[in-house]
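Engineer: Quick one, model-v6.cif (mmCIF, N, CA and C atoms):
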data_protein
loop_
_atom_site.label_atom_id
_atom_site.label_comp_id
_atom_site.auth_asym_id
_atom_site.auth_seq_id
_atom_site.Cartn_x
_atom_site.Cartn_y
_atom_site.Cartn_z
N MET A 1 33.58 14.41 -25.99
CA MET A 1 32.92 14.03 -24.76
C MET A 1 31.55 14.71 -24.64
N GLU A 2 31.35 15.83 -25.32
CA GLU A 2 30.06 16.53 -25.27
C GLU A 2 28.94 15.63 -25.80
N LYS A 3 29.23 14.87 -26.85
CA LYS A 3 28.24 13.96 -27.42
C LYS A 3 27.81 12.92 -26.38
N GLU A 4 28.76 12.41 -25.61
CA GLU A 4 28.49 11.41 -24.58
C GLU A 4 27.64 12.00 -23.46
N LYS A 5 27.90 13.22 -23.06
CA LYS A 5 27.17 13.85 -21.97
C LYS A 5 25.70 14.06 -22.33
N SER A 6 25.41 14.39 -23.57
CA SER A 6 24.03 14.68 -23.96
C SER A 6 23.17 13.42 -23.98
N ARG A 7 23.75 12.26 -23.84
CA ARG A 7 23.01 11.01 -23.85
C ARG A 7 22.56 10.58 -22.46
N GLN A 8 22.81 11.37 -21.46
CA GLN A 8 22.43 11.02 -20.10
C GLN A 8 21.16 11.76 -19.70
N LYS A 9 20.27 11.03 -19.02
CA LYS A 9 18.98 11.60 -18.63
C LYS A 9 18.75 11.41 -17.15
N MET A 10 17.98 12.31 -16.58
CA MET A 10 17.52 12.17 -15.21
C MET A 10 16.01 12.07 -15.26
N LEU A 11 15.47 11.01 -14.68
CA LEU A 11 14.03 10.84 -14.58
C LEU A 11 13.63 11.06 -13.13
N LEU A 12 12.70 11.95 -12.92
CA LEU A 12 12.06 12.11 -11.61
C LEU A 12 10.67 11.54 -11.77
N ALA A 13 10.40 10.44 -11.09
CA ALA A 13 9.11 9.76 -11.22
C ALA A 13 8.36 9.87 -9.90
N VAL A 14 7.21 10.52 -9.94
CA VAL A 14 6.37 10.65 -8.75
C VAL A 14 5.34 9.54 -8.84
N ILE A 15 5.36 8.64 -7.85
CA ILE A 15 4.45 7.50 -7.84
C ILE A 15 3.70 7.46 -6.52
N GLN A 16 2.61 6.71 -6.48
CA GLN A 16 1.88 6.55 -5.22
C GLN A 16 2.71 5.72 -4.27
N GLY A 17 2.66 6.08 -3.00
CA GLY A 17 3.46 5.40 -1.99
C GLY A 17 3.22 3.90 -1.94
N ASP A 18 1.98 3.47 -2.18
CA ASP A 18 1.67 2.04 -2.15
C ASP A 18 2.39 1.27 -3.25
N ASP A 19 2.73 1.93 -4.35
CA ASP A 19 3.39 1.28 -5.48
C ASP A 19 4.91 1.25 -5.35
N TYR A 20 5.43 1.95 -4.37
CA TYR A 20 6.88 2.13 -4.24
C TYR A 20 7.67 0.82 -4.11
N PRO A 21 7.33 -0.10 -3.18
CA PRO A 21 8.19 -1.29 -3.02
C PRO A 21 8.32 -2.14 -4.28
N ASP A 22 7.20 -2.46 -4.92
CA ASP A 22 7.25 -3.29 -6.12
C ASP A 22 7.95 -2.59 -7.27
N THR A 23 7.75 -1.28 -7.39
CA THR A 23 8.36 -0.52 -8.48
C THR A 23 9.88 -0.52 -8.34
N VAL A 24 10.38 -0.23 -7.15
CA VAL A 24 11.83 -0.20 -6.94
C VAL A 24 12.43 -1.59 -7.12
N ASP A 25 11.74 -2.63 -6.63
CA ASP A 25 12.24 -4.00 -6.82
C ASP A 25 12.36 -4.33 -8.30
N ASP A 26 11.34 -3.98 -9.08
CA ASP A 26 11.37 -4.28 -10.51
C ASP A 26 12.42 -3.45 -11.24
N LEU A 27 12.57 -2.19 -10.86
CA LEU A 27 13.65 -1.38 -11.45
C LEU A 27 15.00 -2.03 -11.18
N ASN A 28 15.24 -2.45 -9.93
CA ASN A 28 16.51 -3.08 -9.57
C ASN A 28 16.74 -4.38 -10.34
N ARG A 29 15.70 -5.19 -10.49
CA ARG A 29 15.83 -6.45 -11.25
C ARG A 29 16.20 -6.19 -12.71
N ASN A 30 15.82 -5.03 -13.22
CA ASN A 30 16.13 -4.68 -14.61
C ASN A 30 17.40 -3.85 -14.74
N GLY A 31 18.16 -3.74 -13.65
CA GLY A 31 19.45 -3.06 -13.70
C GLY A 31 19.41 -1.56 -13.50
N PHE A 32 18.29 -1.03 -13.02
CA PHE A 32 18.17 0.40 -12.75
C PHE A 32 18.18 0.64 -11.25
N PHE A 33 18.75 1.74 -10.86
CA PHE A 33 18.82 2.07 -9.44
C PHE A 33 18.21 3.44 -9.23
N ALA A 34 17.46 3.57 -8.17
CA ALA A 34 16.74 4.80 -7.91
C ALA A 34 17.08 5.32 -6.53
N THR A 35 17.18 6.63 -6.42
CA THR A 35 17.27 7.28 -5.13
C THR A 35 15.87 7.73 -4.77
N VAL A 36 15.45 7.39 -3.57
CA VAL A 36 14.09 7.69 -3.13
C VAL A 36 14.09 9.00 -2.36
N LEU A 37 13.21 9.90 -2.79
CA LEU A 37 13.05 11.18 -2.11
C LEU A 37 11.68 11.22 -1.46
N SER A 38 11.62 11.56 -0.19
CA SER A 38 10.32 11.75 0.44
C SER A 38 9.67 12.95 -0.21
N SER A 39 8.39 12.83 -0.50
CA SER A 39 7.73 13.95 -1.17
C SER A 39 6.28 14.04 -0.71
N THR A 40 5.77 15.24 -0.78
CA THR A 40 4.36 15.47 -0.51
C THR A 40 3.85 16.38 -1.60
N GLY A 41 2.58 16.35 -1.83
CA GLY A 41 2.03 17.21 -2.86
C GLY A 41 0.78 16.63 -3.46
N GLY A 42 0.28 17.29 -4.47
CA GLY A 42 -1.01 16.93 -5.01
C GLY A 42 -0.99 16.28 -6.37
N PHE A 43 0.17 15.83 -6.88
CA PHE A 43 0.18 15.23 -8.21
C PHE A 43 -0.78 14.06 -8.31
N LEU A 44 -0.73 13.16 -7.35
CA LEU A 44 -1.51 11.94 -7.45
C LEU A 44 -2.61 11.86 -6.39
N LYS A 45 -2.80 12.92 -5.64
CA LYS A 45 -3.86 13.02 -4.65
C LYS A 45 -3.75 12.01 -3.51
N LYS A 46 -2.62 11.39 -3.33
CA LYS A 46 -2.37 10.46 -2.25
C LYS A 46 -0.92 10.61 -1.82
N ARG A 47 -0.54 9.86 -0.77
CA ARG A 47 0.86 9.85 -0.34
C ARG A 47 1.71 9.46 -1.54
N SER A 48 2.78 10.18 -1.76
CA SER A 48 3.60 9.90 -2.93
C SER A 48 5.07 9.74 -2.55
N VAL A 49 5.80 9.13 -3.48
CA VAL A 49 7.24 8.93 -3.37
C VAL A 49 7.83 9.40 -4.70
N THR A 50 8.96 10.10 -4.64
CA THR A 50 9.64 10.52 -5.85
C THR A 50 10.90 9.69 -6.02
N LEU A 51 11.04 9.07 -7.18
CA LEU A 51 12.23 8.29 -7.51
C LEU A 51 13.09 9.11 -8.45
N MET A 52 14.37 9.20 -8.14
CA MET A 52 15.33 9.91 -8.97
C MET A 52 16.20 8.84 -9.64
N ILE A 53 16.12 8.78 -10.98
CA ILE A 53 16.78 7.71 -11.72
C ILE A 53 17.67 8.33 -12.80
N GLY A 54 18.97 8.12 -12.70
CA GLY A 54 19.91 8.56 -13.73
C GLY A 54 20.15 7.41 -14.69
N VAL A 55 20.04 7.68 -16.00
CA VAL A 55 20.14 6.59 -16.96
C VAL A 55 20.62 7.13 -18.32
N GLU A 56 21.20 6.25 -19.11
CA GLU A 56 21.59 6.61 -20.46
C GLU A 56 20.33 6.80 -21.29
N ALA A 57 20.36 7.70 -22.25
CA ALA A 57 19.17 8.04 -23.04
C ALA A 57 18.56 6.83 -23.72
N HIS A 58 19.38 5.90 -24.20
CA HIS A 58 18.83 4.74 -24.91
C HIS A 58 18.09 3.77 -23.98
N ARG A 59 18.18 3.96 -22.66
CA ARG A 59 17.50 3.07 -21.71
C ARG A 59 16.27 3.74 -21.07
N VAL A 60 15.96 4.96 -21.47
CA VAL A 60 14.81 5.68 -20.89
C VAL A 60 13.52 4.91 -21.11
N GLN A 61 13.30 4.39 -22.31
CA GLN A 61 12.04 3.68 -22.58
C GLN A 61 11.88 2.45 -21.69
N ALA A 62 12.97 1.77 -21.41
CA ALA A 62 12.91 0.59 -20.53
C ALA A 62 12.49 0.99 -19.12
N VAL A 63 13.00 2.12 -18.63
CA VAL A 63 12.58 2.62 -17.31
C VAL A 63 11.10 2.99 -17.34
N LEU A 64 10.67 3.69 -18.39
CA LEU A 64 9.26 4.07 -18.50
C LEU A 64 8.36 2.84 -18.54
N ASP A 65 8.80 1.79 -19.20
CA ASP A 65 8.01 0.56 -19.26
C ASP A 65 7.82 -0.05 -17.87
N VAL A 66 8.89 -0.07 -17.07
CA VAL A 66 8.79 -0.60 -15.70
C VAL A 66 7.85 0.28 -14.87
N LEU A 67 8.00 1.59 -14.98
CA LEU A 67 7.14 2.49 -14.22
C LEU A 67 5.67 2.31 -14.61
N ARG A 68 5.41 2.19 -15.90
CA ARG A 68 4.03 2.01 -16.37
C ARG A 68 3.45 0.70 -15.86
N GLN A 69 4.24 -0.36 -15.92
CA GLN A 69 3.76 -1.68 -15.50
C GLN A 69 3.52 -1.75 -13.99
N CYS A 70 4.43 -1.20 -13.20
CA CYS A 70 4.34 -1.35 -11.75
C CYS A 70 3.50 -0.28 -11.06
N ALA A 71 3.45 0.91 -11.63
CA ALA A 71 2.82 2.01 -10.91
C ALA A 71 1.85 2.82 -11.76
N GLY A 72 1.62 2.42 -12.99
CA GLY A 72 0.74 3.17 -13.88
C GLY A 72 -0.72 3.12 -13.46
N ARG A 73 -1.52 3.98 -14.07
CA ARG A 73 -2.96 4.01 -13.77
C ARG A 73 -3.59 2.67 -14.10
N ARG A 74 -4.50 2.27 -13.25
CA ARG A 74 -5.18 1.00 -13.45
C ARG A 74 -6.49 0.98 -12.67
N GLN A 75 -7.34 0.06 -13.05
CA GLN A 75 -8.57 -0.19 -12.30
C GLN A 75 -8.27 -1.28 -11.29
N GLN A 76 -8.78 -1.11 -10.08
CA GLN A 76 -8.53 -2.07 -9.02
C GLN A 76 -9.86 -2.40 -8.36
N MET A 77 -10.04 -3.67 -8.04
CA MET A 77 -11.27 -4.10 -7.39
C MET A 77 -11.09 -4.01 -5.88
N THR A 78 -12.07 -3.42 -5.23
CA THR A 78 -12.10 -3.39 -3.78
C THR A 78 -13.52 -3.75 -3.36
N TYR A 79 -13.73 -4.00 -2.11
CA TYR A 79 -15.05 -4.37 -1.62
C TYR A 79 -15.52 -3.33 -0.62
N SER A 80 -16.77 -2.96 -0.76
CA SER A 80 -17.33 -1.91 0.08
C SER A 80 -18.71 -2.32 0.57
N ASN A 81 -19.00 -1.92 1.78
CA ASN A 81 -20.33 -2.14 2.34
C ASN A 81 -21.16 -0.94 1.96
N LEU A 82 -22.00 -1.07 0.96
CA LEU A 82 -22.77 0.04 0.41
C LEU A 82 -24.05 0.25 1.22
N SER A 83 -23.91 0.86 2.35
CA SER A 83 -25.04 1.12 3.22
C SER A 83 -25.75 2.39 2.77
N ILE A 84 -27.08 2.37 2.78
CA ILE A 84 -27.85 3.54 2.38
C ILE A 84 -27.77 4.63 3.44
N SER A 85 -27.70 4.25 4.69
CA SER A 85 -27.63 5.25 5.76
C SER A 85 -26.24 5.85 5.82
N ALA A 86 -26.16 7.02 6.41
CA ALA A 86 -24.87 7.70 6.54
C ALA A 86 -24.11 7.23 7.76
N GLY A 87 -24.70 6.32 8.50
CA GLY A 87 -24.09 5.83 9.74
C GLY A 87 -23.00 4.82 9.48
N SER A 88 -22.71 4.02 10.49
CA SER A 88 -21.66 3.02 10.38
C SER A 88 -22.10 1.88 9.47
N PRO A 89 -21.14 1.11 8.94
CA PRO A 89 -21.47 0.01 8.04
C PRO A 89 -22.42 -0.98 8.70
N ASN A 90 -23.34 -1.49 7.93
CA ASN A 90 -24.33 -2.45 8.41
C ASN A 90 -23.84 -3.85 8.07
N PRO A 91 -23.54 -4.68 9.10
CA PRO A 91 -22.99 -6.00 8.83
C PRO A 91 -23.97 -6.93 8.11
N SER A 92 -25.26 -6.59 8.11
CA SER A 92 -26.23 -7.46 7.44
C SER A 92 -26.26 -7.23 5.92
N ILE A 93 -25.67 -6.14 5.46
CA ILE A 93 -25.60 -5.87 4.03
C ILE A 93 -24.28 -6.44 3.51
N PRO A 94 -24.33 -7.29 2.48
CA PRO A 94 -23.09 -7.92 1.99
C PRO A 94 -22.13 -6.90 1.36
N MET A 95 -20.87 -7.25 1.42
CA MET A 95 -19.84 -6.43 0.78
C MET A 95 -20.00 -6.56 -0.73
N MET A 96 -19.88 -5.44 -1.43
CA MET A 96 -20.06 -5.41 -2.88
C MET A 96 -18.74 -5.04 -3.55
N PRO A 97 -18.41 -5.70 -4.67
CA PRO A 97 -17.19 -5.32 -5.40
C PRO A 97 -17.39 -3.96 -6.07
N VAL A 98 -16.36 -3.13 -5.97
CA VAL A 98 -16.39 -1.79 -6.55
C VAL A 98 -15.07 -1.55 -7.28
N GLN A 99 -15.14 -1.07 -8.52
CA GLN A 99 -13.93 -0.71 -9.27
C GLN A 99 -13.50 0.69 -8.86
N ILE A 100 -12.21 0.84 -8.54
CA ILE A 100 -11.68 2.17 -8.22
C ILE A 100 -10.45 2.42 -9.08
N ASN A 101 -10.11 3.70 -9.27
CA ASN A 101 -8.87 4.06 -9.96
C ASN A 101 -7.73 3.97 -8.97
N ALA A 102 -6.61 3.41 -9.40
CA ALA A 102 -5.43 3.28 -8.56
C ALA A 102 -4.20 3.62 -9.38
N GLY A 103 -3.11 3.87 -8.68
CA GLY A 103 -1.83 4.12 -9.33
C GLY A 103 -1.77 5.44 -10.06
N GLY A 104 -0.76 5.55 -10.86
CA GLY A 104 -0.49 6.76 -11.62
C GLY A 104 0.95 7.18 -11.43
N VAL A 105 1.55 7.64 -12.50
CA VAL A 105 2.94 8.08 -12.46
C VAL A 105 3.05 9.41 -13.20
N VAL A 106 3.82 10.33 -12.63
CA VAL A 106 4.18 11.56 -13.31
C VAL A 106 5.70 11.51 -13.45
N VAL A 107 6.21 11.61 -14.69
CA VAL A 107 7.65 11.48 -14.93
C VAL A 107 8.17 12.76 -15.58
N PHE A 108 9.22 13.30 -15.00
CA PHE A 108 9.94 14.45 -15.57
C PHE A 108 11.25 13.89 -16.13
N ILE A 109 11.52 14.14 -17.41
CA ILE A 109 12.74 13.65 -18.05
C ILE A 109 13.60 14.85 -18.42
N MET A 110 14.82 14.87 -17.89
CA MET A 110 15.71 16.00 -18.09
C MET A 110 17.05 15.54 -18.68
N ASP A 111 17.61 16.38 -19.54
CA ASP A 111 18.97 16.14 -20.02
C ASP A 111 19.96 16.49 -18.91
N LEU A 112 21.02 15.71 -18.82
CA LEU A 112 22.06 15.98 -17.83
C LEU A 112 23.35 16.38 -18.53
N ASP A 113 24.06 17.31 -17.97
CA ASP A 113 25.36 17.68 -18.49
C ASP A 113 26.41 16.66 -18.10
N ASP A 114 26.24 16.06 -16.92
CA ASP A 114 27.27 15.16 -16.43
C ASP A 114 26.71 14.32 -15.30
N ILE A 115 27.21 13.09 -15.17
CA ILE A 115 26.96 12.24 -14.01
C ILE A 115 28.33 11.80 -13.52
N GLN A 116 28.59 12.01 -12.24
CA GLN A 116 29.86 11.59 -11.67
C GLN A 116 29.60 10.71 -10.47
N LYS A 117 30.30 9.59 -10.39
CA LYS A 117 30.19 8.69 -9.24
C LYS A 117 31.56 8.61 -8.61
N PHE A 118 31.60 8.74 -7.31
CA PHE A 118 32.87 8.69 -6.58
C PHE A 118 32.88 7.52 -5.64
#
Let's see the structure in the file written out as structure tokens.

Structural biologist:
Amino acid sequence: MEKEKSRQKMLLAVIQGDDYPDTVDDLNRNGFFATVLSSTGGFLKKRSVTLMIGVEAHRVQAVLDVLRQCAGRRQQMTYSNLSISAGSPNPSIPMMPVQINAGGVVVFIMDLDDIQKF
């Protein structure tokens, strides 16, 4: 049974709060279930959510693929009113597309001695 126990992993995935709904939905569609922990901190410099995912070792890569696809770092287009003055936005200046960095995942992968469900 020791061999079986060493094949279990716990993933703690810290993701941006905005990515949480789609990420959990996609994990569930792929047969993974996550416990959501409220979290605060500076990993991603924004509101974050920590997902706790218990999984067999051979399925870790599939979980990482979902996390990368749904919550990984990416470029995102937003629109900004690029006013020269430091005052309020000037409605006569058109909104300009701006690329910003979004997303990001920090994943901790740990070996588990045992998982028990009651």

Engineer: Kindly compute an axis-aligned box around the listed atoms of stretch 10-27 of chain A, allowing 5 Å on each side, and express its centre and edge lengths in Å to one decimal as JSON.

Structural biologist:
{"center_x": 9.8, "center_y": 4.0, "center_z": -9.3, "size_x": 26.3, "size_y": 26.6, "size_z": 24.6}

Engineer: Using only C-alpha atoms, which residue out of A:Gly54, A:Gly41, A:Gly17, A:Gly31 lies closest to A:Leu112?

Structural biologist: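 Checking each of A:Gly54, A:Gly41, A:Gly17, A:Gly31 against A:Leu112, counting only C-alpha atoms, the winner is A:Gly54.
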
Engineer: Quick one: which residues end up in the PyMOL selection byres (((chain A and resi 116 and name CA) around 12) and name CA) for this structure, as a list in words?

Structural biologist: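 Those residues are Lys5, Gln8, Gly54, Leu112, Asp113, Asp114, Ile115, Lys117 and Phe118 of chain A.
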
Engineer: Apply the PyMOL selection byres ((chain A and resi 34) around 7) to the file shown and report the selected residues as JSON, numbers by chain.

Structural biologist: {"A": [24, 27, 28, 32, 33, 35, 36, 51, 52, 53, 54]}

Engineer: How many Å separate atom CA of A:Asp111 from atom CA of A:Pro21?

Structural biologist: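 Taking atom CA of A:Asp111 as the start and atom CA of A:Pro21 as the end point, the length is 26.6 Å.
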
Engineer: Considering only N, CA and C atoms, can you say which of A:Arg7, A:Leu12, A:Val105, A:Met96 comes closest to A:Ala71?

Structural biologist: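 Distance minimum relative to A:Ala71 lands on A:Val105.
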
Engineer: What separation in Å, quoted to one decimal, exists between atom CA of A:Asn30 and atom CA of A:Val49?

Structural biologist: 19.8 Å
